[in-house]
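Pasted below: final_1.pdb, PDB, C-alpha atoms.
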ATOM      1  CA  MET A  24     161.764 125.233 127.860  1.00  0.00           C
ATOM      2  CA  PHE A  25     161.084 127.753 125.098  1.00  0.00           C
ATOM      3  CA  TYR A  26     162.006 126.800 121.552  1.00  0.00           C
ATOM      4  CA  PRO A  27     161.863 129.783 119.185  1.00  0.00           C
ATOM      5  CA  PHE A  28     161.422 127.802 115.961  1.00  0.00           C
ATOM      6  CA  THR A  29     158.164 126.018 116.682  1.00  0.00           C
ATOM      7  CA  PRO A  30     154.919 126.411 114.719  1.00  0.00           C
ATOM      8  CA  PHE A  31     153.403 128.109 117.770  1.00  0.00           C
ATOM      9  CA  PHE A  32     156.135 130.761 117.686  1.00  0.00           C
ATOM     10  CA  PHE A  33     155.604 131.459 113.988  1.00  0.00           C
ATOM     11  CA  GLY A  34     151.831 131.523 114.514  1.00  0.00           C
ATOM     12  CA  MET A  35     152.176 134.124 117.248  1.00  0.00           C
ATOM     13  CA  ILE A  36     154.473 136.252 115.082  1.00  0.00           C
ATOM     14  CA  LEU A  37     151.959 136.048 112.217  1.00  0.00           C
ATOM     15  CA  LEU A  38     149.130 136.999 114.561  1.00  0.00           C
ATOM     16  CA  PHE A  39     151.101 140.025 115.837  1.00  0.00           C
ATOM     17  CA  VAL A  40     151.948 141.122 112.277  1.00  0.00           C
ATOM     18  CA  ILE A  41     148.308 140.938 111.177  1.00  0.00           C
ATOM     19  CA  TRP A  42     147.204 142.808 114.327  1.00  0.00           C
ATOM     20  CA  GLU A  43     149.801 145.560 113.726  1.00  0.00           C
ATOM     21  CA  VAL A  44     148.995 145.956 110.018  1.00  0.00           C
ATOM     22  CA  ILE A  45     145.256 146.322 110.649  1.00  0.00           C
ATOM     23  CA  TRP A  46     145.591 148.931 113.400  1.00  0.00           C
ATOM     24  CA  LYS A  47     148.416 150.776 111.654  1.00  0.00           C
ATOM     25  CA  GLY A  48     146.369 150.969 108.454  1.00  0.00           C
ATOM     26  CA  ILE A  49     143.328 152.372 110.240  1.00  0.00           C
ATOM     27  CA  GLY A  50     145.426 154.864 112.203  1.00  0.00           C
ATOM     28  CA  LEU A  51     147.339 156.030 109.134  1.00  0.00           C
ATOM     29  CA  TRP A  52     144.156 156.407 107.120  1.00  0.00           C
ATOM     30  CA  LYS A  53     142.398 158.439 109.827  1.00  0.00           C
ATOM     31  CA  SER A  54     145.404 160.677 110.506  1.00  0.00           C
ATOM     32  CA  ALA A  55     145.855 161.362 106.792  1.00  0.00           C
ATOM     33  CA  ARG A  56     142.159 162.186 106.349  1.00  0.00           C
ATOM     34  CA  ASN A  57     142.323 164.577 109.324  1.00  0.00           C
ATOM     35  CA  GLY A  58     145.515 166.255 108.093  1.00  0.00           C
ATOM     36  CA  GLN A  59     147.492 165.369 111.223  1.00  0.00           C
ATOM     37  CA  LYS A  60     150.997 164.913 109.836  1.00  0.00           C
ATOM     38  CA  THR A  61     152.684 164.413 113.221  1.00  0.00           C
ATOM     39  CA  TRP A  62     150.435 161.484 114.082  1.00  0.00           C
ATOM     40  CA  PHE A  63     150.827 160.043 110.584  1.00  0.00           C
ATOM     41  CA  ILE A  64     154.632 160.047 110.832  1.00  0.00           C
ATOM     42  CA  SER A  65     154.588 158.701 114.403  1.00  0.00           C
ATOM     43  CA  ILE A  66     152.291 155.811 113.517  1.00  0.00           C
ATOM     44  CA  LEU A  67     154.284 155.078 110.366  1.00  0.00           C
ATOM     45  CA  VAL A  68     157.687 155.022 112.093  1.00  0.00           C
ATOM     46  CA  PHE A  69     157.007 153.332 115.430  1.00  0.00           C
ATOM     47  CA  ASN A  70     155.965 149.679 115.664  1.00  0.00           C
ATOM     48  CA  THR A  71     154.072 149.307 118.937  1.00  0.00           C
ATOM     49  CA  LEU A  72     151.888 146.254 118.226  1.00  0.00           C
ATOM     50  CA  GLY A  73     148.949 148.529 117.538  1.00  0.00           C
ATOM     51  CA  ILE A  74     149.076 150.476 120.801  1.00  0.00           C
ATOM     52  CA  LEU A  75     149.916 153.880 119.273  1.00  0.00           C
ATOM     53  CA  PRO A  76     147.241 153.648 116.527  1.00  0.00           C
ATOM     54  CA  ILE A  77     144.639 152.527 119.086  1.00  0.00           C
ATOM     55  CA  VAL A  78     145.500 155.479 121.356  1.00  0.00           C
ATOM     56  CA  TYR A  79     145.279 157.869 118.397  1.00  0.00           C
ATOM     57  CA  ILE A  80     141.960 156.483 117.160  1.00  0.00           C
ATOM     58  CA  THR A  81     140.433 156.421 120.634  1.00  0.00           C
ATOM     59  CA  PHE A  82     141.547 159.778 122.015  1.00  0.00           C
ATOM     60  CA  PHE A  83     142.957 162.070 119.310  1.00  0.00           C
ATOM     61  CA  SER A  84     141.118 161.279 116.077  1.00  0.00           C
ATOM     62  CA  LYS A  85     138.571 163.828 115.010  1.00  0.00           C
ATOM     63  CA  THR A  86     135.166 162.488 114.097  1.00  0.00           C
ATOM     64  CA  ARG A  87     134.064 163.560 110.667  1.00  0.00           C
ATOM     65  CA  LYS A  88     130.479 164.352 109.859  1.00  0.00           C
ATOM     66  CA  LYS A  89     129.053 163.223 106.560  1.00  0.00           C
ATOM     67  CA  ARG A  90     128.232 165.945 104.085  1.00  0.00           C
ATOM     68  CA  ARG A  91     124.633 166.465 103.118  1.00  0.00           C
ATOM     69  CA  ARG A  92     123.872 166.703  99.458  1.00  0.00           C
TER      70      ARG A  92
END
Take the structure I supplied and represent it as structure tokens, if you would.
Amino acid sequence: MFYPFTPFFFGMILLFVIWEVIWKGIGLWKSARNGQKTWFISILVFNTLGILPIVYITFFSKTRKKRRR
């Protein structure tokens, strides 16, 4: 039987929150740096356990070249 108030349950929730925050932060940072407002708003609004930021970073994020001095 599943008991929702066990330490395992809270541990899993904490793990999912940390996972989401890390991927959301990376996705938001990359979309802001690339000037892609639609992706920024989508990643900010929708909580998808990191799936939307991973898709953005993998397929739609532009790679930036470093400037030479």
Evaluate the PyMOL selection byres ((chain A and resi 66) around 8) and report residues as an MDAnalysis selection string: chainID A and resid 47 50:51 62:65 67:70 75:76
Point-to-point distance in Å for CA of Glu43 (chain A) and CA of Lys85 (chain A):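 Distance reported for this atom pair: 21.5 Å.
Reported to one decimal place, the separation of CA of Thr81 (chain A) from CA of Phe39 (chain A) is 20.1 Å.
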Nearest to Thr86 (chain A), chosen from A:Ser54, A:Thr29, A:Thr61, A:Thr71, with all atoms listed in the file counted in the distances: A:Ser54
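The coordinates place CA of Ile45 (chain A) at 11.6 Å from CA of Ile74 (chain A).
In this comparison, which uses only C-alpha atoms, the residue of A:Met35, A:Leu72, A:Ile80, A:Phe28 approaching Ile49 (chain A) most closely is A:Ile80.
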Pick from A:Gly58, A:Gly73, A:Trp52, A:Val78, whichever lies nearest to Leu38 (chain A) using all atoms listed in the file: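 Comparing A:Gly58, A:Gly73, A:Trp52, A:Val78 against Leu38 (chain A), the winner is A:Gly73.
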